[in-house]
file start-v7.csv (CSV, C-alpha atoms and all ligand atoms)
chain,number,residue,atom,x,y,z
A,532,MET,CA,-4.2,-21.5,-23.5
A,533,LEU,CA,-4.2,-21.3,-19.7
A,534,MET,CA,-1.1,-20.1,-18.1
A,535,GLN,CA,0.6,-21.8,-15.1
A,536,GLU,CA,0.0,-19.3,-12.2
A,537,ASN,CA,-2.1,-16.5,-13.5
A,538,ILE,CA,-1.8,-13.4,-11.2
A,539,LEU,CA,-4.1,-10.4,-11.5
A,540,VAL,CA,-2.8,-7.1,-10.1
A,541,ILE,CA,-5.8,-4.8,-9.8
A,542,GLY,CA,-4.8,-1.1,-9.5
A,543,ALA,CA,-1.5,-1.9,-11.3
A,544,ASN,CA,-0.8,1.7,-12.3
A,545,GLY,CA,-0.6,3.2,-8.8
A,546,GLN,CA,2.4,3.8,-6.5
A,547,ILE,CA,2.6,0.2,-5.2
A,548,GLY,CA,1.3,-1.5,-8.3
A,549,THR,CA,3.9,-0.1,-10.7
A,550,GLU,CA,6.7,-1.7,-8.7
A,551,LEU,CA,4.9,-4.8,-7.6
A,552,VAL,CA,3.9,-5.8,-11.2
A,553,ASN,CA,7.6,-5.5,-12.3
A,554,HIS,CA,8.7,-7.6,-9.3
A,555,LEU,CA,6.0,-10.3,-9.8
A,556,ARG,CA,6.9,-10.5,-13.5
A,557,SER,CA,10.5,-11.1,-12.7
A,558,VAL,CA,9.5,-13.9,-10.4
A,559,TYR,CA,6.6,-15.5,-12.3
A,560,GLY,CA,7.3,-14.5,-15.9
A,561,SER,CA,5.9,-11.5,-17.7
A,562,ASP,CA,3.0,-13.4,-19.4
A,563,ASN,CA,1.7,-14.7,-16.1
A,564,VAL,CA,1.1,-11.4,-14.4
A,565,VAL,CA,-1.8,-9.4,-15.7
A,566,ALA,CA,-1.7,-5.7,-14.9
A,567,CYS,CA,-5.3,-4.3,-14.5
A,568,ASP,CA,-6.3,-0.7,-14.0
A,569,ILE,CA,-9.1,1.7,-14.8
A,570,ARG,CA,-6.5,4.0,-16.5
A,571,ARG,CA,-4.2,3.3,-19.4
A,572,PRO,CA,-0.8,2.2,-18.2
A,573,ASP,CA,2.5,3.9,-19.1
A,574,TYR,CA,4.4,2.7,-22.1
A,575,ASP,CA,6.7,0.3,-20.2
A,576,THR,CA,4.0,-1.5,-18.2
A,577,LYS,CA,1.9,-1.9,-21.4
A,578,ASN,CA,4.7,-3.4,-23.3
A,579,ALA,CA,6.2,-5.6,-20.6
A,580,GLY,CA,3.2,-8.0,-20.3
A,581,PRO,CA,-0.6,-8.3,-20.5
A,582,PHE,CA,-2.8,-5.4,-19.5
A,583,GLU,CA,-6.6,-5.2,-19.0
A,584,PHE,CA,-8.9,-2.3,-18.3
A,585,VAL,CA,-10.7,-3.2,-15.1
A,586,ASN,CA,-13.2,-1.3,-12.9
A,587,VAL,CA,-13.7,-3.3,-9.7
A,588,LEU,CA,-17.2,-1.6,-9.3
A,589,GLU,CA,-18.4,-3.1,-12.6
A,590,LYS,CA,-19.2,-6.7,-11.9
A,591,GLU,CA,-19.7,-7.8,-15.5
A,592,ASN,CA,-16.3,-6.4,-16.5
A,593,LEU,CA,-14.7,-8.1,-13.5
A,594,ARG,CA,-16.4,-11.4,-14.2
A,595,GLN,CA,-15.0,-11.4,-17.8
A,596,ILE,CA,-11.5,-10.9,-16.5
A,597,TYR,CA,-11.8,-13.8,-14.0
A,598,GLN,CA,-13.4,-16.0,-16.7
A,599,LYS,CA,-10.5,-15.2,-19.1
A,600,TYR,CA,-7.6,-15.7,-16.7
A,601,LYS,CA,-8.9,-17.9,-13.9
A,602,PRO,CA,-6.4,-16.3,-11.6
A,603,LYS,CA,-4.6,-18.3,-8.9
A,604,GLN,CA,-3.5,-15.1,-7.1
A,605,VAL,CA,-5.1,-11.7,-7.0
A,606,TYR,CA,-3.6,-8.5,-5.6
A,607,LEU,CA,-6.2,-5.8,-5.1
A,608,LEU,CA,-4.5,-2.4,-4.8
A,609,ALA,CA,-7.2,-0.1,-6.2
A,610,ALA,CA,-8.2,2.3,-3.5
A,611,ILE,CA,-8.9,6.0,-2.7
A,612,LEU,CA,-6.4,7.1,0.0
A,613,SER,CA,-6.8,9.3,3.1
A,614,ALA,CA,-6.6,12.8,1.7
A,615,THR,CA,-8.5,12.3,-1.5
A,616,GLY,CA,-11.1,10.2,0.3
A,617,GLU,CA,-12.1,13.2,2.5
A,618,GLN,CA,-12.9,15.1,-0.7
A,619,ASN,CA,-15.4,12.5,-1.8
A,620,PRO,CA,-16.3,10.2,1.2
A,621,LYS,CA,-19.1,8.2,-0.5
A,622,LEU,CA,-17.0,7.4,-3.6
A,623,ALA,CA,-14.1,6.4,-1.3
A,624,TRP,CA,-16.4,4.1,0.7
A,625,ASP,CA,-17.9,2.6,-2.5
A,626,LEU,CA,-14.5,1.9,-4.2
A,627,ASN,CA,-12.7,0.7,-1.1
A,628,MET,CA,-15.5,-1.5,0.3
A,629,ASN,CA,-17.6,-2.7,-2.6
A,630,GLY,CA,-14.5,-3.1,-4.8
A,631,LEU,CA,-13.1,-5.5,-2.1
A,632,LEU,CA,-16.3,-7.4,-1.7
A,633,ASN,CA,-16.7,-7.8,-5.5
A,634,VAL,CA,-13.2,-9.2,-5.8
A,635,LEU,CA,-13.5,-11.5,-2.8
A,636,ASP,CA,-16.8,-13.0,-4.3
A,637,PHE,CA,-15.2,-13.6,-7.7
A,638,CYS,CA,-12.2,-15.2,-6.0
A,639,LEU,CA,-14.5,-17.6,-4.3
A,640,GLU,CA,-16.5,-18.3,-7.5
A,641,PHE,CA,-13.4,-18.9,-9.6
A,642,GLY,CA,-11.2,-20.7,-7.1
A,643,THR,CA,-8.5,-18.2,-6.6
A,644,ARG,CA,-5.9,-19.7,-4.2
A,645,LYS,CA,-4.4,-16.6,-2.6
A,646,ILE,CA,-5.4,-12.9,-2.3
A,647,TYR,CA,-3.5,-9.9,-1.2
A,648,TRP,CA,-5.3,-6.7,0.0
A,649,PRO,CA,-3.4,-3.8,1.6
A,650,SER,CA,-4.6,-2.1,4.8
A,651,SER,CA,-3.0,0.9,6.4
A,652,ILE,CA,-2.0,2.6,9.6
A,653,ALA,CA,-5.1,4.7,8.9
A,654,VAL,CA,-7.1,2.0,10.7
A,655,PHE,CA,-5.9,3.6,14.0
A,656,GLY,CA,-7.4,6.8,15.4
A,657,PRO,CA,-7.1,9.5,18.0
A,658,ASN,CA,-7.6,7.0,20.9
A,659,SER,CA,-5.2,4.4,19.7
A,660,PRO,CA,-1.8,4.4,21.5
A,661,LYS,CA,0.6,6.7,19.6
A,662,GLN,CA,4.0,5.0,20.3
A,663,GLN,CA,4.7,1.5,19.3
A,664,THR,CA,1.0,1.0,18.4
A,665,PRO,CA,0.2,-2.6,19.1
A,666,GLN,CA,-1.5,-5.1,16.7
A,667,PHE,CA,-4.6,-5.1,18.9
A,668,CYS,CA,-5.8,-1.9,20.6
A,669,THR,CA,-8.5,0.7,20.5
A,670,MET,CA,-9.2,1.5,16.8
A,671,ASP,CA,-11.4,4.6,16.1
A,672,PRO,CA,-10.3,5.8,12.6
A,673,ASN,CA,-11.9,9.2,11.7
A,674,THR,CA,-11.2,9.3,7.9
A,675,VAL,CA,-13.4,7.5,5.4
A,676,TYR,CA,-10.3,5.8,4.2
A,677,GLY,CA,-9.4,4.5,7.7
A,678,ILE,CA,-13.0,3.4,8.3
A,679,SER,CA,-13.1,1.5,5.0
A,680,LYS,CA,-9.7,-0.2,5.7
A,681,LEU,CA,-10.8,-1.3,9.2
A,682,ALA,CA,-14.1,-2.6,7.8
A,683,GLY,CA,-12.2,-4.3,5.0
A,684,GLU,CA,-9.9,-6.0,7.5
A,685,ARG,CA,-13.0,-7.4,9.3
A,686,TRP,CA,-14.4,-8.7,5.9
A,687,CYS,CA,-11.0,-10.4,5.1
A,688,GLU,CA,-11.0,-12.2,8.4
A,689,TYR,CA,-14.6,-13.1,7.9
A,690,TYR,CA,-14.1,-14.6,4.4
A,691,PHE,CA,-11.1,-16.5,5.7
A,692,HIS,CA,-13.0,-18.1,8.6
A,693,LYS,CA,-16.3,-18.5,6.9
A,694,TYR,CA,-15.2,-19.6,3.4
A,695,GLY,CA,-11.5,-20.6,3.8
A,696,LEU,CA,-10.3,-17.8,1.4
A,697,ASP,CA,-6.5,-17.4,1.9
A,698,ILE,CA,-6.4,-13.6,2.2
A,699,ARG,CA,-3.3,-11.9,3.4
A,700,SER,CA,-2.8,-8.3,4.4
A,701,ILE,CA,-0.4,-5.7,5.7
A,702,ARG,CA,-1.1,-2.3,7.4
A,703,TYR,CA,1.2,-0.2,5.3
A,704,PRO,CA,2.8,3.0,6.8
A,705,GLY,CA,3.5,5.9,4.5
A,706,LEU,CA,5.4,4.5,1.5
A,707,ILE,CA,8.3,6.4,-0.1
A,708,SER,CA,9.3,5.7,-3.6
A,709,TRP,CA,10.8,7.4,-6.7
A,710,LYS,CA,9.4,5.3,-9.6
A,711,ALA,CA,5.7,6.3,-9.4
A,712,ALA,CA,3.9,9.2,-8.0
A,713,PRO,CA,2.1,8.9,-4.7
A,714,GLY,CA,-1.7,8.7,-4.8
A,715,GLY,CA,-3.4,11.3,-2.6
A,716,GLY,CA,-2.3,10.3,0.9
A,717,THR,CA,-1.4,12.2,4.1
A,718,THR,CA,2.1,10.9,4.0
A,719,ASP,CA,2.8,12.1,0.4
A,720,TYR,CA,4.9,15.1,1.8
A,721,ALA,CA,7.8,12.6,2.4
A,722,ILE,CA,8.0,12.0,-1.4
A,723,HIS,CA,7.3,15.6,-2.6
A,724,ILE,CA,10.1,16.9,-0.4
A,725,PHE,CA,12.7,14.9,-2.4
A,726,HIS,CA,11.5,16.2,-5.7
A,727,ASP,CA,11.5,19.8,-4.5
A,728,ALA,CA,14.8,19.5,-2.7
A,729,LEU,CA,16.4,18.5,-6.0
A,730,LYS,CA,14.5,20.9,-8.3
A,731,LYS,CA,14.1,24.0,-6.1
A,732,GLY,CA,16.4,23.6,-3.1
A,733,LYS,CA,13.4,24.2,-0.8
A,734,TYR,CA,10.0,22.7,0.2
A,735,GLN,CA,6.9,23.8,2.0
A,736,SER,CA,5.5,21.0,4.1
A,737,PHE,CA,1.8,20.7,4.6
A,738,LEU,CA,2.5,18.9,7.9
A,739,SER,CA,4.1,20.7,10.9
A,740,GLY,CA,7.8,20.1,11.5
A,741,ASP,CA,7.1,17.9,14.6
A,742,THR,CA,4.5,15.5,13.0
A,743,GLU,CA,6.0,12.1,13.5
A,744,LEU,CA,4.6,9.3,11.3
A,745,PRO,CA,5.5,5.7,10.5
A,746,MET,CA,7.1,5.4,7.0
A,747,MET,CA,8.7,2.7,4.8
A,748,TYR,CA,10.9,2.6,1.7
A,749,MET,CA,9.1,0.9,-1.2
A,750,ASP,CA,11.8,-1.7,-1.7
A,751,ASP,CA,11.0,-3.0,1.8
A,752,ALA,CA,7.3,-2.8,1.3
A,753,ILE,CA,7.5,-4.9,-1.9
A,754,ARG,CA,9.8,-7.4,-0.3
A,755,GLY,CA,7.6,-7.7,2.8
A,756,THR,CA,4.5,-8.1,0.7
A,757,ILE,CA,6.1,-11.0,-1.3
A,758,GLU,CA,7.5,-12.6,1.9
A,759,LEU,CA,4.0,-12.5,3.4
A,760,MET,CA,2.5,-14.0,0.3
A,761,GLU,CA,5.1,-16.8,0.3
A,762,ALA,CA,4.8,-17.6,4.0
A,763,PRO,CA,3.3,-21.0,4.9
A,764,ALA,CA,-0.4,-20.5,5.6
A,765,GLU,CA,-0.1,-22.4,8.9
A,766,ASN,CA,2.4,-19.8,10.3
A,767,LEU,CA,-0.1,-16.9,9.8
A,768,THR,CA,-1.9,-16.0,13.0
A,769,ILE,CA,-3.4,-12.7,11.8
A,770,ARG,CA,-6.1,-12.9,9.1
A,771,SER,CA,-7.2,-9.3,9.4
A,772,SER,CA,-4.0,-7.3,8.6
A,773,TYR,CA,-0.5,-7.3,10.0
A,774,ASN,CA,1.2,-4.3,11.7
A,775,PHE,CA,4.2,-3.5,9.6
A,776,ALA,CA,7.0,-1.0,10.5
A,777,GLY,CA,10.0,0.5,8.8
A,778,MET,CA,11.1,3.8,10.3
A,779,SER,CA,9.5,6.8,11.9
A,780,PHE,CA,10.4,10.5,11.4
A,781,THR,CA,9.1,14.1,11.4
A,782,PRO,CA,9.4,16.6,8.5
A,783,GLU,CA,12.1,18.3,10.5
A,784,VAL,CA,14.2,15.2,10.9
A,785,LEU,CA,13.8,14.3,7.2
A,786,ALA,CA,14.9,17.8,6.2
A,787,ALA,CA,18.0,17.5,8.4
A,788,GLU,CA,18.8,14.2,6.7
A,789,ILE,CA,18.4,15.7,3.2
A,790,ARG,CA,20.7,18.6,4.3
A,791,LYS,CA,23.5,16.1,4.7
A,792,HIS,CA,23.4,15.7,0.8
A,793,ILE,CA,22.1,19.2,-0.1
A,794,PRO,CA,23.4,21.6,2.6
A,795,GLU,CA,21.5,24.6,1.3
A,796,PHE,CA,18.1,22.8,1.4
A,797,GLU,CA,15.4,24.8,3.2
A,798,ILE,CA,12.1,23.7,4.7
A,799,SER,CA,9.1,25.8,5.7
A,800,TYR,CA,5.7,24.8,7.0
A,801,GLY,CA,2.2,25.7,5.7
A,802,GLU,CA,-0.8,26.3,7.9
A,803,ASN,CA,-4.3,25.0,8.2
A,804,ASP,CA,-3.9,22.0,5.9
A,805,PRO,CA,-6.7,19.4,6.5
A,806,ARG,CA,-4.1,16.7,6.2
A,807,GLN,CA,-2.6,17.8,9.5
A,808,ALA,CA,-5.6,16.6,11.5
A,809,ILE,CA,-5.4,13.2,9.8
A,810,ALA,CA,-1.7,12.9,10.5
A,811,SER,CA,-2.3,13.9,14.2
A,812,SER,CA,-4.8,11.1,14.6
A,813,TRP,CA,-2.4,8.4,13.4
A,814,PRO,CA,0.3,6.5,15.3
A,815,LYS,CA,3.9,7.8,15.5
A,816,SER,CA,5.4,4.4,15.5
A,817,ILE,CA,4.2,0.8,15.0
A,818,ASP,CA,4.9,-2.5,16.9
A,819,ASP,CA,5.2,-5.1,14.2
A,820,SER,CA,6.5,-8.0,16.5
A,821,GLN,CA,3.7,-10.3,15.2
A,822,ALA,CA,4.9,-10.0,11.6
A,823,GLN,CA,8.5,-10.6,12.8
A,824,LYS,CA,7.4,-13.7,14.6
A,825,ASP,CA,5.0,-15.2,12.1
A,826,TRP,CA,6.8,-14.6,8.8
A,827,ASN,CA,10.2,-13.4,9.9
A,828,TRP,CA,9.8,-9.8,8.8
A,829,LYS,CA,12.9,-7.5,9.1
A,830,THR,CA,13.2,-3.9,7.9
A,831,GLY,CA,16.0,-3.2,5.5
A,832,PHE,CA,16.1,0.6,5.0
A,833,ASP,CA,16.6,3.1,7.7
A,834,LEU,CA,16.3,6.9,7.2
A,835,SER,CA,19.8,7.5,6.1
A,836,ARG,CA,19.9,4.6,3.6
A,837,MET,CA,16.5,5.5,2.2
A,838,THR,CA,17.4,9.2,1.8
A,839,ALA,CA,20.6,8.5,0.0
A,840,ASP,CA,18.9,6.0,-2.3
A,841,MET,CA,16.0,8.4,-3.1
A,842,LEU,CA,18.3,11.3,-4.0
A,843,LEU,CA,20.6,9.1,-6.1
A,844,ASN,CA,17.7,7.6,-8.2
A,845,LEU,CA,15.8,10.9,-8.6
A,846,LYS,CA,19.0,12.7,-9.7
A,847,ARG,CA,19.4,10.0,-12.4
B,1,LIG,C1,-2.1,7.7,3.2
B,1,LIG,O1,-1.4,8.7,3.6
B,1,LIG,O2,-3.3,7.8,3.0
B,1,LIG,C2,-1.4,6.4,2.8
B,1,LIG,C3,-1.5,5.5,4.0
B,1,LIG,C4,-0.7,5.7,5.2
B,1,LIG,O3,-2.2,4.5,3.9
B,1,LIG,N1,-0.1,6.6,2.4
call {"tool": "encode", "arguments": {"input": "start-v7.csv", "output": "structure tokens", "more": "lines below"}}
Ligand code: AKB
result
Amino acid sequence: MLMQENILVIGANGQIGTELVNHLRSVYGSDNVVACDIRRPDYDTKNAGPFEFVNVLEKENLRQIYQKYKPKQVYLLAAILSATGEQNPKLAWDLNMNGLLNVLDFCLEFGTRKIYWPSSIAVFGPNSPKQQTPQFCTMDPNTVYGISKLAGERWCEYYFHKYGLDIRSIRYPGLISWKAAPGGGTTDYAIHIFHDALKKGKYQSFLSGDTELPMMYMDDAIRGTIELMEAPAENLTIRSSYNFAGMSFTPEVLAAEIRKHIPEFEISYGENDPRQAIASSWPKSIDDSQAQKDWNWKTGFDLSRMTADMLLNLKR
């Protein structure tokens, strides 16, 4: 029997997918949201609704899933992030690029109404403006992840104009969450620091103390993603990917905020980590005025609220 609004979430076991699937199931009903991943899900996800093994690079496998569910919405979250991508650039390009094209083609063939695909601040590079980086500016990413996201943005806009596919996208900053582990990014220190602060009372950052980066709490990221997906299509003026901002801070500033809760917390800084060069090539803060204008985006969590919430939930 066909379900009302079948939604596929591909890459459902990752940092974003874990929370997004729960949220979508609470809105659309558990049976209508199919969690798909290349890896076995944890016990809760598996038992809370349908799960399918999906490899976006295996077209026949993907076709069977589209045939079975005829999805009206697809969220494609499967990707290799910035730090991991540098260890295997060709694989990162293959998954991030061909995975996207395979999904877009099946969405066209099977009449999917809406698609969500995340981009990243990694689309910017050393010659992009660092402060309040605008929606449109010089973009010269120098990681394979950033290159694949920028190329993916161009494909999304192309499929929208050429074939009328309603694809929506956000350039996520570093996402901070306590429910699922981060997935091999440059911004992951901002999660590890909380775990180590509670477990060891100290943390060694792989980024220098003054490395400022755009970040966002996962609650805001999920809310923003759903708000973009629910916005009327005619309001959306960006069909590549929207700039999206939460807060910006350095490891030093985050450590000082954690010290308000754990006064004895100590931070130290490692040297020669390849992630430093990636972070130094990225923006320090993002101008997301177009998202505010087009779909009324407003940040909810600032640094102090996010820190308090992270510590509270991790302690539990
Ligand atoms: C990464 O660090 O690679 C990701 C991102 C900013 O897209 N968190």
call {"tool": "residues_around", "arguments": {"input": "start-v7.csv", "residues": "Phe832 in chain A", "least_positions_apart": "3", "cutoff": "12 Å", "atoms": "all atoms listed in the file", "output": "PyMOL selection string"}}
result
chain A and resi 706-707+746-752+754+776-779+829+835-841
call {"tool": "residues_near_ligand", "arguments": {"input": "start-v7.csv", "ligand": "ligand LIG 1 (chain B)", "cutoff": "9 Å", "atoms": "all atoms listed in the file", "output": "VMD selection string"}}
result
chain A and resid 611 to 616 649 to 654 676 to 677 702 to 707 713 to 719 744 to 746 806 809 to 810 813
call {"tool": "residues_around", "arguments": {"input": "start-v7.csv", "residues": "Glu743 in chain A", "least_positions_apart": "6", "cutoff": "6 Å", "atoms": "all atoms listed in the file", "output": "PyMOL selection string"}}
result
chain A and resi 780-781+815
call {"tool": "write_last_selection", "arguments": {"input": "start-v7.csv", "atoms": "C-alpha atoms", "output": "mmCIF file, in the frame of the given file"}}
result
data_model
loop_
_atom_site.group_PDB
_atom_site.id
_atom_site.type_symbol
_atom_site.label_atom_id
_atom_site.label_comp_id
_atom_site.auth_asym_id
_atom_site.auth_seq_id
_atom_site.Cartn_x
_atom_site.Cartn_y
_atom_site.Cartn_z
ATOM 1 C CA PHE A 780 10.400 10.500 11.400
ATOM 2 C CA THR A 781 9.100 14.100 11.400
ATOM 3 C CA LYS A 815 3.900 7.800 15.500
#
call {"tool": "closest_atom_pairs", "arguments": {"input": "start-v7.csv", "of": "range 622-685 of chain A", "to": "range 538-550 of chain A", "cutoff": "12 Å", "atoms": "only C-alpha atoms", "output": "Markdown table"}}
result
| residue | atom | partner | partner_atom | distance |
| --- | --- | --- | --- | --- |
| A:Leu626 | CA | A:Gly542 | CA | 11.5 |
| A:Asn627 | CA | A:Gly542 | CA | 11.7 |
| A:Gly630 | CA | A:Ile541 | CA | 10.2 |
| A:Leu631 | CA | A:Ile541 | CA | 10.6 |
| A:Val634 | CA | A:Ile541 | CA | 9.5 |
| A:Cys638 | CA | A:Leu539 | CA | 10.9 |
| A:Thr643 | CA | A:Ile538 | CA | 9.4 |
| A:Arg644 | CA | A:Ile538 | CA | 10.3 |
| A:Lys645 | CA | A:Ile538 | CA | 9.5 |
| A:Ile646 | CA | A:Ile538 | CA | 9.6 |
| A:Tyr647 | CA | A:Val540 | CA | 9.4 |
| A:Trp648 | CA | A:Ile541 | CA | 10.0 |
| A:Pro649 | CA | A:Ile547 | CA | 9.9 |
call {"tool": "residues_around", "arguments": {"input": "start-v7.csv", "residues": "Gly755 in chain A", "least_positions_apart": "4", "cutoff": "10 Å", "atoms": "all atoms listed in the file", "output": "list in words"}}
result
Ile701, Met749, Asp750, Asp751, Leu759, Met760, Glu761, Phe775, Ala822, Trp826, Asn827, Trp828, Lys829, Thr830 and Gly831 of chain A
call {"tool": "closest_residue", "arguments": {"input": "start-v7.csv", "among": "A:His554, A:His726, A:Lys824, A:Lys693", "to": "Lys846 in chain A", "atoms": "all atoms listed in the file"}}
result
A:His726
call {"tool": "closest_residue", "arguments": {"input": "start-v7.csv", "among": "A:Asn803, A:Asn629, A:Thr674, A:Asn774", "to": "Val587 in chain A", "atoms": "all atoms listed in the file"}}
result
A:Asn629
call {"tool": "atom_distance", "arguments": {"input": "start-v7.csv", "atom1": "CA of Ser679 in chain A", "atom2": "CA of Phe655 in chain A"}}
result
11.7 Å
call {"tool": "residues_around", "arguments": {"input": "start-v7.csv", "residues": "Glu536 in chain A", "least_positions_apart": "5", "cutoff": "9 Å", "atoms": "all atoms listed in the file", "output": "ChimeraX atom specification"}}
result
/A:559,563-564,602-604
call {"tool": "decode", "arguments": {"input": "start-v7.csv", "residues": "range 707-728 of chain A", "atoms": "N, CA and C atoms", "output": "mmCIF file, in the first residue's frame"}}
result
data_model
loop_
_atom_site.group_PDB
_atom_site.id
_atom_site.type_symbol
_atom_site.label_atom_id
_atom_site.label_comp_id
_atom_site.auth_asym_id
_atom_site.auth_seq_id
_atom_site.Cartn_x
_atom_site.Cartn_y
_atom_site.Cartn_z
ATOM 1 N N ILE A 707 26.736 21.719 15.946
ATOM 2 C CA ILE A 707 27.068 21.222 17.282
ATOM 3 C C ILE A 707 25.866 20.485 17.848
ATOM 4 N N SER A 708 26.100 19.228 18.269
ATOM 5 C CA SER A 708 24.978 18.432 18.758
ATOM 6 C C SER A 708 25.483 17.402 19.762
ATOM 7 N N TRP A 709 24.574 16.875 20.558
ATOM 8 C CA TRP A 709 24.969 15.892 21.565
ATOM 9 C C TRP A 709 24.400 14.504 21.277
ATOM 10 N N LYS A 710 23.420 14.390 20.366
ATOM 11 C CA LYS A 710 22.772 13.087 20.162
ATOM 12 C C LYS A 710 23.616 12.123 19.342
ATOM 13 N N ALA A 711 24.230 12.633 18.244
ATOM 14 C CA ALA A 711 25.023 11.737 17.385
ATOM 15 C C ALA A 711 26.411 12.321 17.201
ATOM 16 N N ALA A 712 27.370 11.443 16.935
ATOM 17 C CA ALA A 712 28.768 11.881 16.784
ATOM 18 C C ALA A 712 28.941 12.650 15.477
ATOM 19 N N PRO A 713 29.884 13.609 15.460
ATOM 20 C CA PRO A 713 30.157 14.329 14.210
ATOM 21 C C PRO A 713 30.872 13.412 13.220
ATOM 22 N N GLY A 714 30.910 13.825 11.947
ATOM 23 C CA GLY A 714 31.309 12.856 10.907
ATOM 24 C C GLY A 714 32.596 13.137 10.168
ATOM 25 N N GLY A 715 33.650 13.636 10.823
ATOM 26 C CA GLY A 715 34.927 13.816 10.131
ATOM 27 C C GLY A 715 35.114 15.188 9.523
ATOM 28 N N GLY A 716 34.597 16.224 10.210
ATOM 29 C CA GLY A 716 34.734 17.592 9.704
ATOM 30 C C GLY A 716 35.811 18.379 10.431
ATOM 31 N N THR A 717 36.047 19.585 9.931
ATOM 32 C CA THR A 717 37.039 20.495 10.517
ATOM 33 C C THR A 717 36.480 21.173 11.766
ATOM 34 N N THR A 718 35.171 21.274 11.837
ATOM 35 C CA THR A 718 34.531 21.969 12.971
ATOM 36 C C THR A 718 34.239 21.005 14.130
ATOM 37 N N ASP A 719 34.638 19.738 14.015
ATOM 38 C CA ASP A 719 34.289 18.728 15.032
ATOM 39 C C ASP A 719 34.843 19.043 16.424
ATOM 40 N N TYR A 720 35.904 19.875 16.496
ATOM 41 C CA TYR A 720 36.487 20.185 17.819
ATOM 42 C C TYR A 720 35.408 20.745 18.750
ATOM 43 N N ALA A 721 34.453 21.491 18.163
ATOM 44 C CA ALA A 721 33.443 22.181 18.975
ATOM 45 C C ALA A 721 32.436 21.205 19.596
ATOM 46 N N ILE A 722 32.531 19.930 19.236
ATOM 47 C CA ILE A 722 31.739 18.884 19.903
ATOM 48 C C ILE A 722 32.635 18.100 20.859
ATOM 49 N N HIS A 723 33.830 17.705 20.359
ATOM 50 C CA HIS A 723 34.761 16.936 21.201
ATOM 51 C C HIS A 723 35.054 17.682 22.499
ATOM 52 N N ILE A 724 35.159 18.997 22.424
ATOM 53 C CA ILE A 724 35.526 19.794 23.599
ATOM 54 C C ILE A 724 34.529 19.578 24.751
ATOM 55 N N PHE A 725 33.250 19.435 24.433
ATOM 56 C CA PHE A 725 32.235 19.246 25.489
ATOM 57 C C PHE A 725 32.391 17.872 26.147
ATOM 58 N N HIS A 726 32.615 16.850 25.322
ATOM 59 C CA HIS A 726 32.773 15.489 25.862
ATOM 60 C C HIS A 726 33.995 15.435 26.786
ATOM 61 N N ASP A 727 35.115 16.016 26.313
ATOM 62 C CA ASP A 727 36.346 15.961 27.123
ATOM 63 C C ASP A 727 36.232 16.844 28.362
ATOM 64 N N ALA A 728 35.550 17.964 28.256
ATOM 65 C CA ALA A 728 35.388 18.853 29.416
ATOM 66 C C ALA A 728 34.691 18.085 30.539
#
